[in-house]
Structure formats: structure tokens, C-alpha cells
Amino acid sequence: MDHSRRLALKTGGRLGVVAWLASAGVLPVSAATIPQVFSIHGVDAVMQALGASGAHESAAVEIAAAEIVENGAMVSVEVASRLPGTRQMALLVDQNPTTLAAVFDLPEGTSPRIQTRIKMAKTSHVIAVVEAEGGFFLARREIKIVQGGCG
Amino acid sequence: MSDPVRIRATVAEGVTQVRLMATHPMETGRRRLPEGALVAAHYITDLTVLHNDRVVLQARFGPSVSRDPYLVFSFAGGAPGETVSVSWRDNRGDQRSDSVTIR
């Protein structure tokens, strides 16, 4: 067995364990485990790893974006939450090779409204997951992409 | 050495709005050159914004964030002459930190 293969197996195994612990609710999502969450594929698995499996759709979470975007390499998205105690916002793209795009921690005093630009491989749903008082909430919005931008 | 983060911080009615753009290729590791070779993954993983010495935003990015990451957000407080600074680190361990005066 060559060295790089062993390393890949070791790393892969470790990721699996982290994902399993997180999904079992054993492991709280800390800054240390977030990098692993980025390597998890699929909305359900990422939500589980974020501890947000039971998230309910909430009208108090909004995603503002164009309905149709020409260039998937730069999709402008704004996430806003009116939920009290909003302390974390995560952005997911369900059809991207990398599901989780970004996670924002908002200390007290920072407005729960963030505008950024993400890549989208093709037409898909953008999902905003918000951690606030009382747990996790989400919003979902379809954005149509004319030309994909995940290169 | 990478280019400085462009930052604008303006205060109005006790709220400071921060707009920033970090210059970074944000390569996913999936893009191919015309000859077929893969371009290695190269993207910002962590970005922190401070108001004076206090963290006002902590962001973690994956490769789905666009080239030259752009953020707009606001925090309560801030006064003209105070400092907003932005620092980032990427998956290769490169980092940089820049700051601006609130206007």
C-alpha cells in the first residue's frame, strides 16, 4: 500500500468518524469541526453535521437573490433573519459539488443580515440555515443559472 | 504576496456598515486548464472582521464562495476614526490582514 493511499484512507476514516459523531449528536459543532463539514456532500448530511437536522422552514429567514442569473460563477445572495438571538447563518447549495458554501458566526451586536457572492454549478436551491433562540430554522430559494460557474 | 483586502466602513445612526472584498482566486480544485491539467484547490477558509479588538464577524468559507470574496454586513456601534480590520487565511496557510478607519 503506498503512502498517499494510506494517508487518504486515514483522513477519510477520520472524517467519517467526525460526521458520525456529529450526526449522533455526540459532538457539538465547534470551530474545529467546521472544516470537515465543508467536505460533506448533500444537504441532509451537512444539516446533520451542523446539528440542524430538525430545522423548520421559517418566514423570518429570507434569501434575497435574482430569480435568473446569467453567470453561476458570481451569484449575489443576501440572507437575513428576523429571529431573536440569531447567532449563526450557513449557506448551502444543493446541486454544488461542495454543498456548504459559507458559515457566519454573528457575535452580539452584529446584524443578522449578510450579503455575499457564491458559485452555483447549475440551477438549484440555495438554503439558508439559521441558528437562533429556540434552535435551527431555514429558508430555501431556487435560483436559475444560465451558465454554471463551479469550474 | 496577495493584494490588500478592500474595506469600506461607514457609520450612520450608531450602526457601522462594512463592505469588503478580498482578492483571492478561490479555486475549487475542479477547474481544468485548456490542456486538461487540474488547477489545485486554493481558497480562503477563514475570514475574521474586528472592530478595534472585538470580533464582529467570523466567516468560514468553502470553495463555493466566488472568486474575490465579497461581504456586506453591519454591526451596532463604531465611531469615525475607529478601526475595522479584516484578516483571512487560506487552505495553503497563506494569510493577510488589512484595516481601515471608520468614516
# chains A, B, ... in the order shown; residues from 1 in each chain; ligands from 1
$ closest_atom_pairs --of "chain B" --to "chain A" --cutoff "9 Å" --atoms "only C-alpha atoms" --output "JSON lines"
{"residue": "B:Glu27", "atom": "CA", "partner": "A:Gly151", "partner_atom": "CA", "distance": 8.3}
{"residue": "B:Thr28", "atom": "CA", "partner": "A:Cys150", "partner_atom": "CA", "distance": 7.3}
{"residue": "B:Gly29", "atom": "CA", "partner": "A:Gly151", "partner_atom": "CA", "distance": 8.5}
{"residue": "B:Arg30", "atom": "CA", "partner": "A:Gly151", "partner_atom": "CA", "distance": 6.0}
{"residue": "B:Arg31", "atom": "CA", "partner": "A:Gly151", "partner_atom": "CA", "distance": 4.3}
{"residue": "B:Arg32", "atom": "CA", "partner": "A:Gly151", "partner_atom": "CA", "distance": 7.3}
{"residue": "B:Thr45", "atom": "CA", "partner": "A:Pro35", "partner_atom": "CA", "distance": 7.9}
{"residue": "B:Val55", "atom": "CA", "partner": "A:Pro107", "partner_atom": "CA", "distance": 7.2}
{"residue": "B:Val56", "atom": "CA", "partner": "A:Pro107", "partner_atom": "CA", "distance": 5.9}
{"residue": "B:Leu57", "atom": "CA", "partner": "A:Leu106", "partner_atom": "CA", "distance": 5.5}
{"residue": "B:Gln58", "atom": "CA", "partner": "A:Asp105", "partner_atom": "CA", "distance": 5.1}
{"residue": "B:Ala59", "atom": "CA", "partner": "A:Phe104", "partner_atom": "CA", "distance": 4.4}
{"residue": "B:Arg60", "atom": "CA", "partner": "A:Val103", "partner_atom": "CA", "distance": 5.1}
{"residue": "B:Phe61", "atom": "CA", "partner": "A:Ala102", "partner_atom": "CA", "distance": 4.5}
{"residue": "B:Gly62", "atom": "CA", "partner": "A:Ala101", "partner_atom": "CA", "distance": 5.2}
{"residue": "B:Pro63", "atom": "CA", "partner": "A:Ala101", "partner_atom": "CA", "distance": 6.9}
{"residue": "B:Ser64", "atom": "CA", "partner": "A:Ala101", "partner_atom": "CA", "distance": 4.8}
{"residue": "B:Val65", "atom": "CA", "partner": "A:Ile118", "partner_atom": "CA", "distance": 4.3}
{"residue": "B:Ser66", "atom": "CA", "partner": "A:Ile118", "partner_atom": "CA", "distance": 4.7}
{"residue": "B:Arg67", "atom": "CA", "partner": "A:Met74", "partner_atom": "CA", "distance": 7.9}
{"residue": "B:Pro69", "atom": "CA", "partner": "A:Arg117", "partner_atom": "CA", "distance": 6.8}
{"residue": "B:Tyr70", "atom": "CA", "partner": "A:Thr116", "partner_atom": "CA", "distance": 5.4}
{"residue": "B:Leu71", "atom": "CA", "partner": "A:Thr116", "partner_atom": "CA", "distance": 4.7}
{"residue": "B:Val72", "atom": "CA", "partner": "A:Gln115", "partner_atom": "CA", "distance": 5.0}
{"residue": "B:Phe73", "atom": "CA", "partner": "A:Ile114", "partner_atom": "CA", "distance": 5.0}
{"residue": "B:Ser74", "atom": "CA", "partner": "A:Ser111", "partner_atom": "CA", "distance": 5.6}
{"residue": "B:Phe75", "atom": "CA", "partner": "A:Thr110", "partner_atom": "CA", "distance": 4.0}
{"residue": "B:Ala76", "atom": "CA", "partner": "A:Gly109", "partner_atom": "CA", "distance": 5.1}
{"residue": "B:Gly77", "atom": "CA", "partner": "A:Gly109", "partner_atom": "CA", "distance": 7.9}
$ write_last_selection --atoms "N, CA and C atoms" --output "PDB file, in the first residue's frame"
ATOM      1  N   GLU B  27     -10.003  28.929  -6.002  1.00  0.00           N
ATOM      2  CA  GLU B  27     -10.031  27.762  -6.900  1.00  0.00           C
ATOM      3  C   GLU B  27     -10.632  26.558  -6.173  1.00  0.00           C
ATOM      4  N   THR B  28     -11.569  25.881  -6.851  1.00  0.00           N
ATOM      5  CA  THR B  28     -12.263  24.757  -6.219  1.00  0.00           C
ATOM      6  C   THR B  28     -11.435  23.470  -6.236  1.00  0.00           C
ATOM      7  N   GLY B  29     -10.442  23.409  -7.143  1.00  0.00           N
ATOM      8  CA  GLY B  29      -9.716  22.157  -7.322  1.00  0.00           C
ATOM      9  C   GLY B  29     -10.335  21.297  -8.407  1.00  0.00           C
ATOM     10  N   ARG B  30     -11.413  21.798  -9.033  1.00  0.00           N
ATOM     11  CA  ARG B  30     -12.096  21.027 -10.084  1.00  0.00           C
ATOM     12  C   ARG B  30     -11.910  21.643 -11.465  1.00  0.00           C
ATOM     13  N   ARG B  31     -11.397  22.866 -11.505  1.00  0.00           N
ATOM     14  CA  ARG B  31     -11.255  23.551 -12.788  1.00  0.00           C
ATOM     15  C   ARG B  31     -10.065  22.989 -13.576  1.00  0.00           C
ATOM     16  N   ARG B  32     -10.258  22.819 -14.886  1.00  0.00           N
ATOM     17  CA  ARG B  32      -9.185  22.326 -15.740  1.00  0.00           C
ATOM     18  C   ARG B  32      -8.688  23.420 -16.666  1.00  0.00           C
ATOM     19  N   THR B  45     -10.329  29.912   3.796  1.00  0.00           N
ATOM     20  CA  THR B  45     -11.119  29.060   4.687  1.00  0.00           C
ATOM     21  C   THR B  45     -11.690  29.844   5.871  1.00  0.00           C
ATOM     22  N   VAL B  55     -14.277  40.944  17.896  1.00  0.00           N
ATOM     23  CA  VAL B  55     -14.723  40.245  16.693  1.00  0.00           C
ATOM     24  C   VAL B  55     -16.169  40.643  16.394  1.00  0.00           C
ATOM     25  N   VAL B  56     -16.444  41.106  15.170  1.00  0.00           N
ATOM     26  CA  VAL B  56     -17.818  41.425  14.781  1.00  0.00           C
ATOM     27  C   VAL B  56     -18.352  40.459  13.726  1.00  0.00           C
ATOM     28  N   LEU B  57     -17.467  39.704  13.085  1.00  0.00           N
ATOM     29  CA  LEU B  57     -17.927  38.662  12.162  1.00  0.00           C
ATOM     30  C   LEU B  57     -16.838  37.610  12.015  1.00  0.00           C
ATOM     31  N   GLN B  58     -17.266  36.347  12.093  1.00  0.00           N
ATOM     32  CA  GLN B  58     -16.347  35.239  11.882  1.00  0.00           C
ATOM     33  C   GLN B  58     -16.953  34.417  10.751  1.00  0.00           C
ATOM     34  N   ALA B  59     -16.251  34.353   9.621  1.00  0.00           N
ATOM     35  CA  ALA B  59     -16.786  33.616   8.474  1.00  0.00           C
ATOM     36  C   ALA B  59     -15.896  32.421   8.161  1.00  0.00           C
ATOM     37  N   ARG B  60     -16.536  31.307   7.795  1.00  0.00           N
ATOM     38  CA  ARG B  60     -15.789  30.155   7.284  1.00  0.00           C
ATOM     39  C   ARG B  60     -16.276  29.886   5.876  1.00  0.00           C
ATOM     40  N   PHE B  61     -15.339  29.740   4.954  1.00  0.00           N
ATOM     41  CA  PHE B  61     -15.686  29.561   3.547  1.00  0.00           C
ATOM     42  C   PHE B  61     -15.274  28.187   3.052  1.00  0.00           C
ATOM     43  N   GLY B  62     -16.053  27.674   2.117  1.00  0.00           N
ATOM     44  CA  GLY B  62     -15.629  26.538   1.310  1.00  0.00           C
ATOM     45  C   GLY B  62     -15.349  27.069  -0.088  1.00  0.00           C
ATOM     46  N   PRO B  63     -15.018  26.177  -1.031  1.00  0.00           N
ATOM     47  CA  PRO B  63     -14.700  26.634  -2.381  1.00  0.00           C
ATOM     48  C   PRO B  63     -15.907  27.123  -3.185  1.00  0.00           C
ATOM     49  N   SER B  64     -17.132  27.029  -2.625  1.00  0.00           N
ATOM     50  CA  SER B  64     -18.310  27.545  -3.348  1.00  0.00           C
ATOM     51  C   SER B  64     -18.486  29.055  -3.208  1.00  0.00           C
ATOM     52  N   VAL B  65     -17.607  29.705  -2.449  1.00  0.00           N
ATOM     53  CA  VAL B  65     -17.670  31.167  -2.397  1.00  0.00           C
ATOM     54  C   VAL B  65     -16.953  31.700  -3.645  1.00  0.00           C
ATOM     55  N   SER B  66     -17.509  32.729  -4.283  1.00  0.00           N
ATOM     56  CA  SER B  66     -16.962  33.245  -5.540  1.00  0.00           C
ATOM     57  C   SER B  66     -15.544  33.785  -5.396  1.00  0.00           C
ATOM     58  N   ARG B  67     -14.848  33.826  -6.515  1.00  0.00           N
ATOM     59  CA  ARG B  67     -13.541  34.483  -6.600  1.00  0.00           C
ATOM     60  C   ARG B  67     -13.662  35.906  -6.029  1.00  0.00           C
ATOM     61  N   PRO B  69     -13.797  37.069  -2.705  1.00  0.00           N
ATOM     62  CA  PRO B  69     -14.941  37.063  -1.774  1.00  0.00           C
ATOM     63  C   PRO B  69     -15.370  38.470  -1.355  1.00  0.00           C
ATOM     64  N   TYR B  70     -16.681  38.646  -1.392  1.00  0.00           N
ATOM     65  CA  TYR B  70     -17.281  39.952  -1.159  1.00  0.00           C
ATOM     66  C   TYR B  70     -18.314  39.803  -0.052  1.00  0.00           C
ATOM     67  N   LEU B  71     -18.279  40.693   0.934  1.00  0.00           N
ATOM     68  CA  LEU B  71     -19.238  40.638   2.047  1.00  0.00           C
ATOM     69  C   LEU B  71     -19.736  42.042   2.370  1.00  0.00           C
ATOM     70  N   VAL B  72     -21.012  42.111   2.722  1.00  0.00           N
ATOM     71  CA  VAL B  72     -21.576  43.340   3.263  1.00  0.00           C
ATOM     72  C   VAL B  72     -22.347  42.957   4.522  1.00  0.00           C
ATOM     73  N   PHE B  73     -22.083  43.650   5.627  1.00  0.00           N
ATOM     74  CA  PHE B  73     -22.831  43.411   6.865  1.00  0.00           C
ATOM     75  C   PHE B  73     -22.700  44.644   7.751  1.00  0.00           C
ATOM     76  N   SER B  74     -23.451  44.676   8.862  1.00  0.00           N
ATOM     77  CA  SER B  74     -23.393  45.828   9.771  1.00  0.00           C
ATOM     78  C   SER B  74     -23.308  45.364  11.222  1.00  0.00           C
ATOM     79  N   PHE B  75     -22.745  46.223  12.038  1.00  0.00           N
ATOM     80  CA  PHE B  75     -22.743  45.941  13.484  1.00  0.00           C
ATOM     81  C   PHE B  75     -23.089  47.213  14.238  1.00  0.00           C
ATOM     82  N   ALA B  76     -23.640  47.032  15.435  1.00  0.00           N
ATOM     83  CA  ALA B  76     -24.014  48.172  16.270  1.00  0.00           C
ATOM     84  C   ALA B  76     -22.752  48.787  16.858  1.00  0.00           C
ATOM     85  N   GLY B  77     -22.694  50.104  16.857  1.00  0.00           N
ATOM     86  CA  GLY B  77     -21.536  50.787  17.429  1.00  0.00           C
ATOM     87  C   GLY B  77     -20.578  51.240  16.340  1.00  0.00           C
TER      88      GLY B  77
END
$ residues_around --residues "B:His51" --least-positions-apart "5" --cutoff "8 Å" --atoms "only C-alpha atoms" --output "list in words"
Val56, Gly78, Glu82, Thr83, Val84 and Ser85 of chain B
$ write_last_selection --atoms "C-alpha atoms" --output "short mmCIF file (atom, residue, chain, number, x, y, z; two decimals), in the first residue's frame"
data_model
loop_
_atom_site.label_atom_id
_atom_site.label_comp_id
_atom_site.auth_asym_id
_atom_site.auth_seq_id
_atom_site.Cartn_x
_atom_site.Cartn_y
_atom_site.Cartn_z
CA VAL B 56 -17.82 41.42 14.78
CA GLY B 78 -18.43 52.18 15.84
CA GLU B 82 -12.01 53.80 14.98
CA THR B 83 -10.61 50.77 13.21
CA VAL B 84 -12.17 47.90 11.29
CA SER B 85 -9.75 45.16 10.30
#
$ atom_distance --atom1 "atom CA of A:Glu57" --atom2 "atom CA of A:Asp94"
15.8 Å
$ atom_distance --atom1 "atom CA of B:Asp53" --atom2 "atom CA of B:Gly93"
22.8 Å
$ residues_around --residues "A:Glu70" --least-positions-apart "5" --cutoff "9 Å" --atoms "only C-alpha atoms" --output "list in words"
Val75, Lys144, Ile145, Val146, Gln147 and Gly148 of chain A
$ write_last_selection --atoms "N, CA and C atoms" --output "short mmCIF file (atom, residue, chain, number, x, y, z; two decimals), in the first residue's frame"
data_model
loop_
_atom_site.label_atom_id
_atom_site.label_comp_id
_atom_site.auth_asym_id
_atom_site.auth_seq_id
_atom_site.Cartn_x
_atom_site.Cartn_y
_atom_site.Cartn_z
N VAL A 75 -22.93 34.69 -8.01
CA VAL A 75 -24.35 34.82 -7.71
C VAL A 75 -24.47 35.62 -6.42
N LYS A 144 -32.21 30.16 -10.83
CA LYS A 144 -31.93 29.56 -12.14
C LYS A 144 -30.62 30.10 -12.67
N ILE A 145 -29.78 29.18 -13.13
CA ILE A 145 -28.46 29.56 -13.63
C ILE A 145 -28.40 29.27 -15.12
N VAL A 146 -28.01 30.28 -15.91
CA VAL A 146 -27.91 30.09 -17.35
C VAL A 146 -26.61 29.36 -17.68
N GLN A 147 -25.49 29.82 -17.10
CA GLN A 147 -24.22 29.15 -17.33
C GLN A 147 -23.54 28.87 -15.99
N GLY A 148 -23.30 27.59 -15.73
CA GLY A 148 -22.76 27.16 -14.44
C GLY A 148 -21.37 27.71 -14.18
#
